[in-house]
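The file input36.cif comes next; it holds mmCIF, C-alpha atoms.
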```
data_run
loop_
_atom_site.group_PDB
_atom_site.id
_atom_site.type_symbol
_atom_site.label_atom_id
_atom_site.label_comp_id
_atom_site.auth_asym_id
_atom_site.auth_seq_id
_atom_site.Cartn_x
_atom_site.Cartn_y
_atom_site.Cartn_z
ATOM 1 C CA MET A 1 -25.778 -47.186 -17.433
ATOM 2 C CA ARG A 2 -23.015 -44.976 -18.861
ATOM 3 C CA PHE A 3 -21.710 -41.635 -17.661
ATOM 4 C CA GLY A 4 -20.151 -39.087 -19.964
ATOM 5 C CA VAL A 5 -17.794 -36.244 -19.116
ATOM 6 C CA VAL A 6 -17.498 -33.448 -21.630
ATOM 7 C CA ASN A 7 -13.842 -32.653 -22.201
ATOM 8 C CA PRO A 8 -12.540 -29.164 -23.141
ATOM 9 C CA VAL A 9 -12.412 -29.897 -26.887
ATOM 10 C CA GLY A 10 -16.068 -30.696 -27.085
ATOM 11 C CA GLY A 11 -15.926 -34.493 -27.441
ATOM 12 C CA ALA A 12 -17.109 -36.912 -24.820
ATOM 13 C CA GLN A 13 -15.286 -39.613 -22.890
ATOM 14 C CA LYS A 14 -17.622 -42.437 -22.015
ATOM 15 C CA ARG A 15 -17.153 -44.246 -18.760
ATOM 16 C CA SER A 16 -19.160 -47.244 -17.947
ATOM 17 C CA GLN A 17 -20.299 -48.205 -14.514
ATOM 18 C CA GLY A 18 -21.016 -51.796 -13.818
ATOM 19 C CA GLN A 19 -21.631 -53.948 -16.849
ATOM 20 C CA ASP A 20 -20.666 -52.867 -20.400
ATOM 21 C CA ASP A 21 -23.699 -53.193 -22.624
ATOM 22 C CA PRO A 22 -23.087 -52.023 -26.204
ATOM 23 C CA ASP A 23 -26.813 -52.049 -27.012
ATOM 24 C CA SER A 24 -27.806 -49.809 -24.077
ATOM 25 C CA GLU A 25 -28.996 -46.333 -25.038
ATOM 26 C CA ASP A 26 -29.091 -44.946 -21.494
ATOM 27 C CA GLU A 27 -26.278 -42.420 -21.638
ATOM 28 C CA VAL A 28 -25.967 -39.725 -18.975
ATOM 29 C CA TYR A 29 -23.626 -36.804 -19.409
ATOM 30 C CA GLU A 30 -22.308 -34.541 -16.688
ATOM 31 C CA VAL A 31 -23.545 -30.971 -16.934
ATOM 32 C CA VAL A 32 -20.828 -28.315 -17.135
ATOM 33 C CA ASP A 33 -21.472 -25.513 -14.661
ATOM 34 C CA LEU A 34 -20.767 -22.267 -16.529
ATOM 35 C CA THR A 35 -20.921 -20.104 -13.396
ATOM 36 C CA GLU A 36 -18.095 -22.098 -11.822
ATOM 37 C CA TYR A 37 -16.096 -21.828 -15.046
ATOM 38 C CA ALA A 38 -16.679 -18.049 -15.120
ATOM 39 C CA ARG A 39 -15.458 -17.729 -11.531
ATOM 40 C CA ARG A 40 -12.228 -19.518 -12.379
ATOM 41 C CA HIS A 41 -11.645 -17.792 -15.742
ATOM 42 C CA GLN A 42 -12.506 -14.139 -15.394
ATOM 43 C CA TRP A 43 -11.915 -11.627 -18.158
ATOM 44 C CA TRP A 44 -9.432 -9.557 -16.144
ATOM 45 C CA SER A 45 -7.316 -12.701 -15.632
ATOM 46 C CA ARG A 46 -6.745 -12.774 -19.378
ATOM 47 C CA VAL A 47 -5.965 -9.052 -19.471
ATOM 48 C CA PHE A 48 -3.946 -8.558 -16.271
ATOM 49 C CA GLY A 49 -2.682 -12.080 -15.522
ATOM 50 C CA ASN A 50 -3.718 -14.618 -12.924
ATOM 51 C CA ASN A 51 -3.232 -12.306 -9.945
ATOM 52 C CA SER A 52 -6.861 -12.267 -8.869
ATOM 53 C CA GLY A 53 -6.980 -11.702 -5.147
ATOM 54 C CA PRO A 54 -9.426 -12.749 -2.475
ATOM 55 C CA ILE A 55 -11.810 -9.865 -3.124
ATOM 56 C CA ALA A 56 -12.070 -10.828 -6.792
ATOM 57 C CA GLU A 57 -13.153 -14.333 -5.777
ATOM 58 C CA LYS A 58 -15.835 -13.258 -3.286
ATOM 59 C CA TYR A 59 -17.771 -10.539 -5.112
ATOM 60 C CA SER A 60 -19.002 -9.876 -8.626
ATOM 61 C CA VAL A 61 -17.384 -7.251 -10.835
ATOM 62 C CA ALA A 62 -20.317 -4.861 -10.402
ATOM 63 C CA THR A 63 -20.145 -5.171 -6.607
ATOM 64 C CA GLN A 64 -16.399 -4.532 -6.607
ATOM 65 C CA ILE A 65 -16.753 -1.428 -8.787
ATOM 66 C CA MET A 66 -19.564 -0.162 -6.564
ATOM 67 C CA MET A 67 -17.605 -0.776 -3.323
ATOM 68 C CA GLY A 68 -14.505 0.860 -4.769
ATOM 69 C CA GLY A 69 -16.481 3.785 -6.141
ATOM 70 C CA VAL A 70 -18.306 4.505 -2.871
ATOM 71 C CA THR A 71 -15.161 4.287 -0.734
ATOM 72 C CA GLY A 72 -13.240 6.355 -3.289
ATOM 73 C CA TRP A 73 -15.942 9.024 -3.357
ATOM 74 C CA CYS A 74 -15.935 9.239 0.464
ATOM 75 C CA ALA A 75 -12.136 9.494 0.559
ATOM 76 C CA GLY A 76 -12.113 12.132 -2.203
ATOM 77 C CA TYR A 77 -14.816 14.186 -0.501
ATOM 78 C CA VAL A 78 -12.989 14.135 2.851
ATOM 79 C CA PHE A 79 -9.686 14.899 1.117
ATOM 80 C CA GLN A 80 -11.272 17.889 -0.615
ATOM 81 C CA ARG A 81 -12.787 19.288 2.600
ATOM 82 C CA VAL A 82 -9.649 18.786 4.705
ATOM 83 C CA GLY A 83 -7.512 20.234 1.896
ATOM 84 C CA LYS A 84 -9.611 23.387 1.744
ATOM 85 C CA ILE A 85 -9.439 23.861 5.519
ATOM 86 C CA ALA A 86 -5.663 23.255 5.584
ATOM 87 C CA ALA A 87 -5.061 25.631 2.665
ATOM 88 C CA THR A 88 -7.177 28.320 4.338
ATOM 89 C CA ALA A 89 -5.350 27.917 7.653
ATOM 90 C CA ILE A 90 -1.865 27.971 6.105
ATOM 91 C CA GLY A 91 -2.679 30.863 3.769
ATOM 92 C CA GLY A 92 -4.287 32.834 6.579
ATOM 93 C CA GLY A 93 -1.248 32.267 8.771
ATOM 94 C CA PHE A 94 1.105 33.549 6.081
ATOM 95 C CA LEU A 95 -1.154 36.539 5.495
ATOM 96 C CA LEU A 96 -1.177 37.418 9.207
ATOM 97 C CA LEU A 97 2.596 36.979 9.381
ATOM 98 C CA GLN A 98 3.096 39.335 6.428
ATOM 99 C CA ILE A 99 0.767 41.930 7.956
ATOM 100 C CA ALA A 100 2.627 41.671 11.269
ATOM 101 C CA ASN A 101 5.995 42.003 9.498
ATOM 102 C CA HIS A 102 4.813 45.020 7.471
ATOM 103 C CA SER A 103 3.410 46.727 10.580
ATOM 104 C CA GLY A 104 6.673 46.240 12.464
ATOM 105 C CA TYR A 105 5.424 43.741 15.048
ATOM 106 C CA VAL A 106 7.731 40.981 13.740
ATOM 107 C CA GLN A 107 11.366 41.343 12.703
ATOM 108 C CA VAL A 108 12.784 38.415 10.655
ATOM 109 C CA ASP A 109 16.486 37.514 10.768
ATOM 110 C CA TRP A 110 16.806 36.185 7.212
ATOM 111 C CA LYS A 111 20.424 34.989 7.642
ATOM 112 C CA LYS A 112 19.373 32.769 10.544
ATOM 113 C CA VAL A 113 16.372 31.478 8.546
ATOM 114 C CA GLU A 114 18.660 30.566 5.621
ATOM 115 C CA LYS A 115 21.111 28.808 7.961
ATOM 116 C CA ASP A 116 18.325 26.792 9.601
ATOM 117 C CA VAL A 117 16.808 25.844 6.244
ATOM 118 C CA ASN A 118 20.165 24.565 4.950
ATOM 119 C CA LYS A 119 20.666 22.565 8.154
ATOM 120 C CA ALA A 120 17.193 21.033 7.771
ATOM 121 C CA LYS A 121 17.932 20.113 4.117
ATOM 122 C CA LYS A 122 21.073 18.193 5.108
ATOM 123 C CA HIS A 123 19.211 16.413 7.894
ATOM 124 C CA LEU A 124 16.375 15.416 5.542
ATOM 125 C CA LYS A 125 18.788 14.067 2.914
ATOM 126 C CA LYS A 126 20.412 11.798 5.517
ATOM 127 C CA LYS A 127 17.021 10.559 6.746
ATOM 128 C CA ALA A 128 15.685 10.075 3.201
ATOM 129 C CA ASN A 129 18.519 7.711 2.280
ATOM 130 C CA LYS A 130 17.845 5.573 5.364
ATOM 131 C CA ALA A 131 14.075 5.446 4.831
ATOM 132 C CA ALA A 132 14.211 4.450 1.147
ATOM 133 C CA PRO A 133 14.008 0.636 1.660
ATOM 134 C CA GLU A 134 10.825 0.936 3.744
ATOM 135 C CA ILE A 135 9.240 3.215 1.172
ATOM 136 C CA ASN A 136 10.175 0.853 -1.671
ATOM 137 C CA THR A 137 8.686 -2.095 0.236
ATOM 138 C CA PHE A 138 5.460 -0.160 0.820
ATOM 139 C CA ILE A 139 5.250 0.790 -2.867
ATOM 140 C CA GLU A 140 5.790 -2.836 -3.920
ATOM 141 C CA GLU A 141 3.067 -4.045 -1.536
ATOM 142 C CA ALA A 142 0.641 -1.364 -2.754
ATOM 143 C CA THR A 143 1.360 -2.236 -6.389
ATOM 144 C CA ASP A 144 0.785 -5.919 -5.669
ATOM 145 C CA PHE A 145 -2.534 -5.132 -3.941
ATOM 146 C CA ILE A 146 -3.671 -3.003 -6.881
ATOM 147 C CA LYS A 147 -2.764 -5.779 -9.352
ATOM 148 C CA ARG A 148 -4.635 -8.394 -7.311
ATOM 149 C CA ASN A 149 -7.726 -6.175 -6.933
ATOM 150 C CA ILE A 150 -7.709 -4.231 -10.200
ATOM 151 C CA VAL A 151 -11.486 -3.873 -10.458
ATOM 152 C CA LEU A 152 -11.896 -2.595 -6.898
ATOM 153 C CA SER A 153 -8.918 -0.254 -7.325
ATOM 154 C CA SER A 154 -10.228 1.227 -10.553
ATOM 155 C CA GLY A 155 -13.602 1.842 -8.907
ATOM 156 C CA PHE A 156 -11.828 3.570 -6.012
ATOM 157 C CA VAL A 157 -9.853 5.862 -8.330
ATOM 158 C CA GLY A 158 -12.987 6.864 -10.252
ATOM 159 C CA GLY A 159 -14.902 7.489 -7.036
ATOM 160 C CA PHE A 160 -12.001 9.469 -5.577
ATOM 161 C CA PHE A 161 -11.993 11.855 -8.544
ATOM 162 C CA LEU A 162 -15.776 12.232 -8.331
ATOM 163 C CA GLY A 163 -15.435 12.994 -4.601
ATOM 164 C CA LEU A 164 -12.831 15.666 -5.327
ATOM 165 C CA ALA A 165 -15.119 17.237 -7.921
ATOM 166 C CA SER A 166 -18.221 17.335 -5.683
#
```
Whole structure, structure tokens version:
Amino acid sequence: MRFGVVNPVGGAQKRSQGQDDPDSEDEVYEVVDLTEYARRHQWWSRVFGNNSGPIAEKYSVATQIMMGGVTGWCAGYVFQRVGKIAATAIGGGFLLLQIANHSGYVQVDWKKVEKDVNKAKKHLKKKANKAAPEINTFIEEATDFIKRNIVLSSGFVGGFFLGLAS
């Protein structure tokens, strides 16, 4: 009995087991599993490199797009609602402050405001220079995650925009 293994070029390597019999016509070839090949060689690996992460190995492309889209839509919807509430609260506060200033209830010392703002600017510049390495590390980690999970990330971005629009 002979066993055959199909090599990548399409030919066959014949391996014999037991006794070599040139007249024997019992040849058995190993079946190539295309699903396993597709898992190892996905289309986005050719486009974006071999940085497929653990999520890309566990779920199909359709499932990843769906999971990313649903979570993105939820995040976009919440972002939209919270943004509207925050904008209303901040705008309403400024409006009330202007009404109070116009009516004479509040007197603003603009020289002191300018002095405090300049002091805060200097303080923020000092803090920003110290915090830059942590921010750069976070950006690098986020970029790496997006590259490893490009399908999930693209589904999230699409869902996020749909959530903002709804």
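With atom CA of Ile146 of chain A on one side and atom CA of Tyr77 of chain A on the other, the separation reads 21.5 Å.
Across the model, the gap from atom CA of Leu97 of chain A to atom CA of Val117 of chain A is 18.3 Å.
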| note | The distance between atom CA of Lys119 of chain A and atom CA of Leu95 of chain A is 26.0 Å
Box along x, y and z, 8 Å on every side, all listed atoms of segment 64-74 of chain A inside: centre and edge lengths in Å to one decimal, as lines of an AutoDock Vina configuration file.
```
center_x = -16.4
center_y = 2.4
center_z = -4.2
size_x = 22.3
size_y = 29.8
size_z = 25.3
```
| field | Contacts of segment 78-85 of chain A at 9 Å (all atoms listed in the file; same-chain gap of 6+ positions) as JSON, numbers by chain | value | {"A": [160, 163, 164, 165, 166]}
| task | Counting all atoms listed in the file, figure out which residue out of A:Gly158, A:Asp144, A:Leu124, A:Lys115 gets nearest to Met66 of chain A. | result | A:Gly158
| said: Taking all atoms listed in the file into account, name the residue in A:Pro133, A:Gly76, A:Gly68, A:Gly93 that is nearest to Ile150 of chain A. | reply: A:Gly68
